[in-house]
file input-v6.pdb (PDB, C-alpha atoms)
ATOM      1  CA  MET A 238       0.000   0.000   0.000  1.00  0.00           C
ATOM      2  CA  ALA A 239       1.178   3.487  -0.799  1.00  0.00           C
ATOM      3  CA  LYS A 240       2.146   5.813   2.030  1.00  0.00           C
ATOM      4  CA  LEU A 241      -0.994   7.725   2.940  1.00  0.00           C
ATOM      5  CA  GLU A 242      -0.214  10.968   4.731  1.00  0.00           C
ATOM      6  CA  SER A 243      -3.027  13.166   3.437  1.00  0.00           C
ATOM      7  CA  LEU A 244      -6.471  13.109   1.901  1.00  0.00           C
ATOM      8  CA  ASP A 245      -4.778  13.804  -1.438  1.00  0.00           C
ATOM      9  CA  ASP A 246      -2.729  10.614  -1.021  1.00  0.00           C
ATOM     10  CA  LEU A 247      -5.835   8.625  -0.148  1.00  0.00           C
ATOM     11  CA  PHE A 248      -7.702  10.134  -3.114  1.00  0.00           C
ATOM     12  CA  VAL A 249      -4.983   9.096  -5.583  1.00  0.00           C
ATOM     13  CA  ASP A 250      -4.778   5.652  -3.974  1.00  0.00           C
ATOM     14  CA  GLU A 251      -8.546   5.198  -4.425  1.00  0.00           C
ATOM     15  CA  LEU A 252      -8.328   6.379  -8.042  1.00  0.00           C
ATOM     16  CA  ARG A 253      -5.638   3.768  -8.708  1.00  0.00           C
ATOM     17  CA  ASP A 254      -7.766   1.080  -7.094  1.00  0.00           C
ATOM     18  CA  LEU A 255     -10.742   2.070  -9.262  1.00  0.00           C
ATOM     19  CA  TYR A 256      -8.583   2.196 -12.388  1.00  0.00           C
ATOM     20  CA  ASN A 257      -7.424  -1.361 -11.856  1.00  0.00           C
ATOM     21  CA  ALA A 258     -10.916  -2.534 -10.899  1.00  0.00           C
ATOM     22  CA  GLU A 259     -12.307  -1.133 -14.154  1.00  0.00           C
ATOM     23  CA  SER A 260      -9.449  -2.685 -16.128  1.00  0.00           C
ATOM     24  CA  GLN A 261     -10.207  -6.084 -14.610  1.00  0.00           C
ATOM     25  CA  LEU A 262     -13.880  -5.690 -15.544  1.00  0.00           C
ATOM     26  CA  VAL A 263     -13.016  -4.966 -19.184  1.00  0.00           C
ATOM     27  CA  LYS A 264     -11.632  -8.505 -19.277  1.00  0.00           C
ATOM     28  CA  ALA A 265     -14.381 -10.144 -17.195  1.00  0.00           C
ATOM     29  CA  LEU A 266     -17.542  -8.618 -18.679  1.00  0.00           C
ATOM     30  CA  PRO A 267     -17.238 -10.247 -22.137  1.00  0.00           C
ATOM     31  CA  LYS A 268     -17.016 -13.683 -20.493  1.00  0.00           C
ATOM     32  CA  MET A 269     -20.081 -12.955 -18.384  1.00  0.00           C
ATOM     33  CA  ALA A 270     -22.017 -11.695 -21.411  1.00  0.00           C
ATOM     34  CA  GLU A 271     -21.064 -14.760 -23.440  1.00  0.00           C
ATOM     35  CA  ALA A 272     -22.259 -17.083 -20.672  1.00  0.00           C
ATOM     36  CA  ALA A 273     -25.623 -15.320 -20.267  1.00  0.00           C
ATOM     37  CA  SER A 274     -28.605 -17.009 -21.879  1.00  0.00           C
ATOM     38  CA  SER A 275     -30.960 -14.052 -21.397  1.00  0.00           C
ATOM     39  CA  PRO A 276     -30.684 -11.578 -24.284  1.00  0.00           C
ATOM     40  CA  ASP A 277     -31.575  -8.730 -21.884  1.00  0.00           C
ATOM     41  CA  LEU A 278     -28.766  -9.708 -19.551  1.00  0.00           C
ATOM     42  CA  ARG A 279     -26.277 -10.183 -22.382  1.00  0.00           C
ATOM     43  CA  ASN A 280     -27.140  -6.749 -23.804  1.00  0.00           C
ATOM     44  CA  ALA A 281     -26.868  -5.093 -20.374  1.00  0.00           C
ATOM     45  CA  LEU A 282     -23.427  -6.600 -19.802  1.00  0.00           C
ATOM     46  CA  GLU A 283     -22.230  -5.626 -23.280  1.00  0.00           C
ATOM     47  CA  GLU A 284     -23.529  -2.086 -22.807  1.00  0.00           C
ATOM     48  CA  HIS A 285     -21.793  -1.870 -19.448  1.00  0.00           C
ATOM     49  CA  LEU A 286     -18.556  -3.024 -21.058  1.00  0.00           C
ATOM     50  CA  ASN A 287     -18.693   0.044 -23.307  1.00  0.00           C
ATOM     51  CA  GLN A 288     -19.486   2.234 -20.298  1.00  0.00           C
ATOM     52  CA  THR A 289     -16.571   0.717 -18.410  1.00  0.00           C
ATOM     53  CA  LYS A 290     -14.194   1.659 -21.218  1.00  0.00           C
ATOM     54  CA  ASN A 291     -15.543   5.222 -21.065  1.00  0.00           C
ATOM     55  CA  GLN A 292     -15.117   5.209 -17.296  1.00  0.00           C
ATOM     56  CA  ILE A 293     -11.451   4.293 -17.731  1.00  0.00           C
ATOM     57  CA  ASP A 294     -11.113   7.222 -20.140  1.00  0.00           C
ATOM     58  CA  ARG A 295     -12.620   9.538 -17.512  1.00  0.00           C
ATOM     59  CA  LEU A 296     -10.209   8.201 -14.896  1.00  0.00           C
ATOM     60  CA  ASP A 297      -7.361   8.885 -17.343  1.00  0.00           C
ATOM     61  CA  LYS A 298      -8.569  12.497 -17.555  1.00  0.00           C
ATOM     62  CA  VAL A 299      -8.686  12.782 -13.774  1.00  0.00           C
ATOM     63  CA  PHE A 300      -5.125  11.467 -13.429  1.00  0.00           C
ATOM     64  CA  LYS A 301      -3.848  13.806 -16.133  1.00  0.00           C
ATOM     65  CA  SER A 302      -5.630  16.834 -14.663  1.00  0.00           C
ATOM     66  CA  LEU A 303      -3.980  16.107 -11.305  1.00  0.00           C
ATOM     67  CA  ASP A 304      -0.607  15.629 -13.016  1.00  0.00           C
ATOM     68  CA  VAL A 305      -0.404  12.144 -11.487  1.00  0.00           C
ATOM     69  CA  PRO A 306       0.923   9.147 -13.434  1.00  0.00           C
ATOM     70  CA  VAL A 307      -1.901   7.055 -14.914  1.00  0.00           C
ATOM     71  CA  ARG A 308      -1.624   3.645 -13.365  1.00  0.00           C
ATOM     72  CA  GLY A 309      -3.566   1.277 -11.250  1.00  0.00           C
ATOM     73  CA  LYS A 310      -2.680  -0.713  -8.205  1.00  0.00           C
ATOM     74  CA  GLU A 311      -3.832  -4.277  -7.901  1.00  0.00           C
ATOM     75  CA  CYS A 312      -7.418  -4.132  -6.743  1.00  0.00           C
ATOM     76  CA  VAL A 313      -7.629  -7.291  -4.671  1.00  0.00           C
ATOM     77  CA  GLY A 314     -11.278  -6.635  -3.815  1.00  0.00           C
ATOM     78  CA  MET A 315     -12.376  -6.716  -7.448  1.00  0.00           C
ATOM     79  CA  LYS A 316     -10.062  -9.641  -8.129  1.00  0.00           C
ATOM     80  CA  GLY A 317     -11.880 -11.666  -5.466  1.00  0.00           C
ATOM     81  CA  ILE A 318     -15.334 -10.653  -6.655  1.00  0.00           C
ATOM     82  CA  ILE A 319     -14.445 -11.612 -10.232  1.00  0.00           C
ATOM     83  CA  ARG A 320     -13.014 -14.931  -9.047  1.00  0.00           C
ATOM     84  CA  GLU A 321     -16.322 -15.690  -7.309  1.00  0.00           C
ATOM     85  CA  GLY A 322     -18.183 -14.796 -10.501  1.00  0.00           C
ATOM     86  CA  GLN A 323     -15.981 -17.143 -12.520  1.00  0.00           C
ATOM     87  CA  GLU A 324     -17.119 -20.005 -10.296  1.00  0.00           C
ATOM     88  CA  VAL A 325     -20.693 -19.306 -11.406  1.00  0.00           C
ATOM     89  CA  LEU A 326     -19.612 -19.343 -15.062  1.00  0.00           C
ATOM     90  CA  LYS A 327     -17.752 -22.645 -14.682  1.00  0.00           C
ATOM     91  CA  GLY A 328     -20.523 -24.391 -12.768  1.00  0.00           C
ATOM     92  CA  SER A 329     -23.265 -26.421 -14.340  1.00  0.00           C
ATOM     93  CA  ALA A 330     -26.702 -24.958 -13.818  1.00  0.00           C
ATOM     94  CA  ALA A 331     -29.953 -24.456 -15.652  1.00  0.00           C
ATOM     95  CA  PRO A 332     -29.632 -21.400 -17.945  1.00  0.00           C
ATOM     96  CA  ALA A 333     -31.833 -19.082 -15.876  1.00  0.00           C
ATOM     97  CA  VAL A 334     -30.159 -20.210 -12.660  1.00  0.00           C
ATOM     98  CA  LYS A 335     -26.777 -19.388 -14.195  1.00  0.00           C
ATOM     99  CA  ASP A 336     -28.163 -16.018 -15.335  1.00  0.00           C
ATOM    100  CA  ALA A 337     -29.313 -15.299 -11.771  1.00  0.00           C
ATOM    101  CA  GLY A 338     -25.801 -16.140 -10.579  1.00  0.00           C
ATOM    102  CA  ILE A 339     -24.284 -13.871 -13.241  1.00  0.00           C
ATOM    103  CA  ILE A 340     -26.549 -11.035 -12.105  1.00  0.00           C
ATOM    104  CA  THR A 341     -25.445 -11.605  -8.511  1.00  0.00           C
ATOM    105  CA  ALA A 342     -21.779 -11.530  -9.532  1.00  0.00           C
ATOM    106  CA  ALA A 343     -22.267  -8.431 -11.677  1.00  0.00           C
ATOM    107  CA  GLN A 344     -24.114  -6.615  -8.907  1.00  0.00           C
ATOM    108  CA  LYS A 345     -21.298  -7.368  -6.476  1.00  0.00           C
ATOM    109  CA  THR A 346     -18.904  -5.626  -8.863  1.00  0.00           C
ATOM    110  CA  GLU A 347     -21.275  -2.675  -9.190  1.00  0.00           C
ATOM    111  CA  HIS A 348     -21.640  -2.292  -5.433  1.00  0.00           C
ATOM    112  CA  TYR A 349     -17.868  -2.368  -4.987  1.00  0.00           C
ATOM    113  CA  GLU A 350     -17.484   0.349  -7.597  1.00  0.00           C
ATOM    114  CA  ILE A 351     -20.334   2.419  -6.156  1.00  0.00           C
ATOM    115  CA  ALA A 352     -18.559   2.421  -2.787  1.00  0.00           C
ATOM    116  CA  GLY A 353     -15.237   3.387  -4.373  1.00  0.00           C
ATOM    117  CA  TYR A 354     -16.635   6.117  -6.597  1.00  0.00           C
ATOM    118  CA  GLY A 355     -18.755   7.485  -3.748  1.00  0.00           C
ATOM    119  CA  SER A 356     -15.647   7.907  -1.610  1.00  0.00           C
ATOM    120  CA  ALA A 357     -13.586   9.304  -4.487  1.00  0.00           C
ATOM    121  CA  CYS A 358     -16.305  11.883  -5.232  1.00  0.00           C
ATOM    122  CA  ALA A 359     -16.415  12.945  -1.587  1.00  0.00           C
ATOM    123  CA  PHE A 360     -12.623  13.255  -1.483  1.00  0.00           C
ATOM    124  CA  ALA A 361     -12.531  15.263  -4.722  1.00  0.00           C
ATOM    125  CA  GLU A 362     -15.168  17.665  -3.426  1.00  0.00           C
ATOM    126  CA  ARG A 363     -13.441  18.114  -0.059  1.00  0.00           C
ATOM    127  CA  LEU A 364     -10.133  18.763  -1.856  1.00  0.00           C
ATOM    128  CA  GLY A 365     -11.716  21.356  -4.153  1.00  0.00           C
ATOM    129  CA  TYR A 366     -11.322  19.294  -7.333  1.00  0.00           C
ATOM    130  CA  GLY A 367     -14.616  20.272  -8.963  1.00  0.00           C
ATOM    131  CA  GLU A 368     -13.897  19.071 -12.500  1.00  0.00           C
ATOM    132  CA  GLN A 369     -12.525  15.772 -11.244  1.00  0.00           C
ATOM    133  CA  ALA A 370     -15.555  15.308  -9.002  1.00  0.00           C
ATOM    134  CA  LYS A 371     -17.818  15.901 -11.998  1.00  0.00           C
ATOM    135  CA  LEU A 372     -16.084  13.160 -14.015  1.00  0.00           C
ATOM    136  CA  LEU A 373     -16.177  10.745 -11.089  1.00  0.00           C
ATOM    137  CA  LYS A 374     -19.863  11.468 -10.493  1.00  0.00           C
ATOM    138  CA  GLN A 375     -20.563  10.448 -14.106  1.00  0.00           C
ATOM    139  CA  ASN A 376     -18.922   7.095 -13.410  1.00  0.00           C
ATOM    140  CA  LEU A 377     -20.832   6.741 -10.137  1.00  0.00           C
ATOM    141  CA  SER A 378     -24.123   7.487 -11.870  1.00  0.00           C
ATOM    142  CA  GLU A 379     -23.448   4.873 -14.553  1.00  0.00           C
ATOM    143  CA  GLU A 380     -22.595   2.254 -11.932  1.00  0.00           C
ATOM    144  CA  LYS A 381     -25.837   2.932 -10.080  1.00  0.00           C
ATOM    145  CA  LYS A 382     -27.864   2.720 -13.299  1.00  0.00           C
ATOM    146  CA  ALA A 383     -26.161  -0.550 -14.266  1.00  0.00           C
ATOM    147  CA  ASP A 384     -27.025  -1.984 -10.843  1.00  0.00           C
ATOM    148  CA  GLU A 385     -30.657  -0.865 -11.201  1.00  0.00           C
ATOM    149  CA  LEU A 386     -30.895  -2.411 -14.668  1.00  0.00           C
ATOM    150  CA  LEU A 387     -29.569  -5.734 -13.389  1.00  0.00           C
ATOM    151  CA  THR A 388     -32.188  -5.675 -10.625  1.00  0.00           C
ATOM    152  CA  LYS A 389     -34.941  -5.029 -13.177  1.00  0.00           C
ATOM    153  CA  ILE A 390     -33.774  -7.910 -15.372  1.00  0.00           C
ATOM    154  CA  ALA A 391     -33.697 -10.238 -12.367  1.00  0.00           C
ATOM    155  CA  GLU A 392     -37.132  -9.181 -11.163  1.00  0.00           C
ATOM    156  CA  ARG A 393     -38.727  -9.051 -14.613  1.00  0.00           C
ATOM    157  CA  HIS A 394     -37.943 -12.612 -15.615  1.00  0.00           C
ATOM    158  CA  VAL A 395     -34.641 -14.229 -14.644  1.00  0.00           C
ATOM    159  CA  ASN A 396     -35.485 -14.986 -11.016  1.00  0.00           C
ATOM    160  CA  LYS A 397     -38.922 -16.345 -11.960  1.00  0.00           C
ATOM    161  CA  GLU A 398     -37.376 -18.620 -14.557  1.00  0.00           C
ATOM    162  CA  ALA A 399     -34.615 -19.660 -12.153  1.00  0.00           C
ATOM    163  CA  LYS A 400     -37.213 -20.571  -9.530  1.00  0.00           C
ATOM    164  CA  ARG A 401     -38.790 -22.946 -12.047  1.00  0.00           C
ATOM    165  CA  GLY A 402     -35.322 -24.373 -12.824  1.00  0.00           C
ATOM    166  CA  GLU A 403     -35.364 -23.237 -16.447  1.00  0.00           C
TER     167      GLU A 403
END

call {"tool": "encode", "arguments": {"input": "input-v6.pdb", "output": "structure tokens"}}
result
Amino acid sequence: MAKLESLDDLFVDELRDLYNAESQLVKALPKMAEAASSPDLRNALEEHLNQTKNQIDRLDKVFKSLDVPVRGKECVGMKGIIREGQEVLKGSAAPAVKDAGIITAAQKTEHYEIAGYGSACAFAERLGYGEQAKLLKQNLSEEKKADELLTKIAERHVNKEAKRGE
């Protein structure tokens, strides 16, 4: 862990964690989308992959505006969440049951990111980094919307189908 002596240090450390988390998701989301049997779920995951790439671009802008080297640090939290999700993908289950598991795994990633972006936004605001806060709030908003969409897909049909073992 980097030496954290100030809120600025903690802010940059959190940005690096988020940068790596997003980079890990760029690799994981296509596998999740490919394993999904629900077209709605597949489309949501593919759309979020594009959003994730845009979120990385926004993080790049934040790093550059702070004159801080663009790099991540290994995000062990996201690594663990993705590893859990991979277990769902490798397991044998009825299609809708697997989709319900994919939604669970995807929502865990969203909640992790929501926590990270929420803190990063608060730090940016406290530090007087208005433009950076604005970019981070865009990412936070997209993460919340992705989470809400996954909930709707689960409630609309996946969980019902999974209950029937389809």

call {"tool": "closest_atom_pairs", "arguments": {"input": "input-v6.pdb", "of": "stretch 283-345 of chain A", "to": "stretch 355-379 of chain A", "cutoff": "7 Å", "atoms": "all atoms listed in the file", "output": "tab-separated table"}}
result
residue	atom	partner	partner_atom	distance
A:Gln292	CA	A:Asn376	CA	5.8
A:Arg295	CA	A:Leu372	CA	6.1
A:Val299	CA	A:Gln369	CA	5.5

call {"tool": "closest_residue", "arguments": {"input": "input-v6.pdb", "among": "A:Thr346, A:Thr289, A:Thr341, A:Asn257", "to": "A:Thr388", "atoms": "all atoms listed in the file"}}
result
A:Thr341

call {"tool": "resolve_selection", "arguments": {"input": "input-v6.pdb", "expression": "the PyMOL selection byres ((chain A and resi 328-333) around 8)", "output": "PyMOL selection string"}}
result
chain A and resi 273-275+324-327+334-337+395-396+398-399+402-403

call {"tool": "atom_distance", "arguments": {"input": "input-v6.pdb", "atom1": "atom CA of A:Lys345", "atom2": "atom CA of A:Gln288"}}
result
16.9 Å

call {"tool": "resolve_selection", "arguments": {"input": "input-v6.pdb", "expression": "the PyMOL selection byres ((chain A and resi 266) around 10)", "output": "PyMOL selection string"}}
result
chain A and resi 261-265+267-272+279+282-287+289+319+343

call {"tool": "atom_distance", "arguments": {"input": "input-v6.pdb", "atom1": "atom CA of A:Lys298", "atom2": "atom CA of A:Leu252"}}
result
11.3 Å

call {"tool": "closest_residue", "arguments": {"input": "input-v6.pdb", "among": "A:Leu296, A:Ile340, A:Val305, A:Met315", "to": "A:Ala383", "atoms": "only C-alpha atoms"}}
result
A:Ile340

call {"tool": "atom_distance", "arguments": {"input": "input-v6.pdb", "atom1": "atom CA of A:Asp246", "atom2": "atom CA of A:Gly309"}}
result
13.9 Å

call {"tool": "closest_residue", "arguments": {"input": "input-v6.pdb", "among": "A:Leu241, A:Ile351, A:Ala391, A:Val249", "to": "A:Arg308", "atoms": "all atoms listed in the file"}}
result
A:Val249

call {"tool": "closest_residue", "arguments": {"input": "input-v6.pdb", "among": "A:Lys240, A:Lys310, A:Arg401, A:Lys290", "to": "A:Leu255", "atoms": "all atoms listed in the file"}}
result
A:Lys310

call {"tool": "closest_residue", "arguments": {"input": "input-v6.pdb", "among": "A:Glu311, A:Glu380, A:Gln323, A:Leu244", "to": "A:Tyr349", "atoms": "all atoms listed in the file"}}
result
A:Glu380

call {"tool": "decode", "arguments": {"input": "input-v6.pdb", "residues": "stretch 334-364 of chain A", "atoms": "N, CA and C atoms", "output": "short mmCIF file (atom, residue, chain, number, x, y, z; two decimals), in the first residue's frame"}}
result
data_model
loop_
_atom_site.label_atom_id
_atom_site.label_comp_id
_atom_site.auth_asym_id
_atom_site.auth_seq_id
_atom_site.Cartn_x
_atom_site.Cartn_y
_atom_site.Cartn_z
N VAL A 334 -30.85 -20.18 -13.95
CA VAL A 334 -30.16 -20.21 -12.66
C VAL A 334 -28.76 -19.61 -12.83
N LYS A 335 -28.09 -19.97 -13.92
CA LYS A 335 -26.78 -19.39 -14.20
C LYS A 335 -26.91 -17.88 -14.41
N ASP A 336 -27.94 -17.46 -15.13
CA ASP A 336 -28.16 -16.02 -15.33
C ASP A 336 -28.36 -15.30 -14.00
N ALA A 337 -29.11 -15.90 -13.10
CA ALA A 337 -29.31 -15.30 -11.77
C ALA A 337 -27.97 -15.18 -11.04
N GLY A 338 -27.13 -16.19 -11.18
CA GLY A 338 -25.80 -16.14 -10.58
C GLY A 338 -24.93 -15.07 -11.22
N ILE A 339 -25.05 -14.92 -12.53
CA ILE A 339 -24.28 -13.87 -13.24
C ILE A 339 -24.74 -12.49 -12.77
N ILE A 340 -26.03 -12.32 -12.60
CA ILE A 340 -26.55 -11.03 -12.11
C ILE A 340 -25.99 -10.76 -10.71
N THR A 341 -25.99 -11.77 -9.86
CA THR A 341 -25.44 -11.60 -8.51
C THR A 341 -23.98 -11.17 -8.57
N ALA A 342 -23.20 -11.86 -9.40
CA ALA A 342 -21.78 -11.53 -9.53
C ALA A 342 -21.59 -10.11 -10.08
N ALA A 343 -22.38 -9.76 -11.08
CA ALA A 343 -22.27 -8.43 -11.68
C ALA A 343 -22.66 -7.36 -10.67
N GLN A 344 -23.70 -7.62 -9.89
CA GLN A 344 -24.11 -6.62 -8.91
C GLN A 344 -23.08 -6.45 -7.80
N LYS A 345 -22.38 -7.50 -7.46
CA LYS A 345 -21.30 -7.37 -6.48
C LYS A 345 -20.22 -6.43 -7.01
N THR A 346 -19.91 -6.53 -8.30
CA THR A 346 -18.90 -5.63 -8.86
C THR A 346 -19.43 -4.19 -8.85
N GLU A 347 -20.69 -4.02 -9.18
CA GLU A 347 -21.27 -2.67 -9.19
C GLU A 347 -21.25 -2.05 -7.80
N HIS A 348 -21.60 -2.83 -6.79
CA HIS A 348 -21.64 -2.29 -5.43
C HIS A 348 -20.24 -1.92 -4.95
N TYR A 349 -19.25 -2.69 -5.33
CA TYR A 349 -17.87 -2.37 -4.99
C TYR A 349 -17.48 -1.03 -5.62
N GLU A 350 -17.82 -0.89 -6.89
CA GLU A 350 -17.48 0.35 -7.60
C GLU A 350 -18.27 1.54 -7.05
N ILE A 351 -19.53 1.34 -6.72
CA ILE A 351 -20.33 2.42 -6.16
C ILE A 351 -19.69 2.92 -4.86
N ALA A 352 -19.23 2.02 -4.03
CA ALA A 352 -18.56 2.42 -2.79
C ALA A 352 -17.28 3.21 -3.09
N GLY A 353 -16.49 2.72 -4.03
CA GLY A 353 -15.24 3.39 -4.37
C GLY A 353 -15.46 4.75 -5.00
N TYR A 354 -16.37 4.83 -5.95
CA TYR A 354 -16.63 6.12 -6.60
C TYR A 354 -17.29 7.10 -5.63
N GLY A 355 -18.14 6.60 -4.74
CA GLY A 355 -18.75 7.49 -3.75
C GLY A 355 -17.69 8.15 -2.88
N SER A 356 -16.74 7.35 -2.42
CA SER A 356 -15.65 7.91 -1.61
C SER A 356 -14.78 8.85 -2.43
N ALA A 357 -14.44 8.46 -3.64
CA ALA A 357 -13.59 9.30 -4.49
C ALA A 357 -14.26 10.64 -4.77
N CYS A 358 -15.57 10.63 -5.00
CA CYS A 358 -16.30 11.88 -5.23
C CYS A 358 -16.25 12.77 -3.99
N ALA A 359 -16.46 12.17 -2.83
CA ALA A 359 -16.42 12.94 -1.59
C ALA A 359 -15.02 13.54 -1.36
N PHE A 360 -13.99 12.75 -1.64
CA PHE A 360 -12.62 13.26 -1.48
C PHE A 360 -12.37 14.41 -2.45
N ALA A 361 -12.76 14.22 -3.71
CA ALA A 361 -12.53 15.26 -4.72
C ALA A 361 -13.22 16.56 -4.31
N GLU A 362 -14.44 16.46 -3.84
CA GLU A 362 -15.17 17.67 -3.43
C GLU A 362 -14.49 18.34 -2.24
N ARG A 363 -14.09 17.56 -1.25
CA ARG A 363 -13.44 18.11 -0.06
C ARG A 363 -12.12 18.79 -0.43
N LEU A 364 -11.42 18.23 -1.44
CA LEU A 364 -10.13 18.76 -1.86
C LEU A 364 -10.26 19.93 -2.84
#
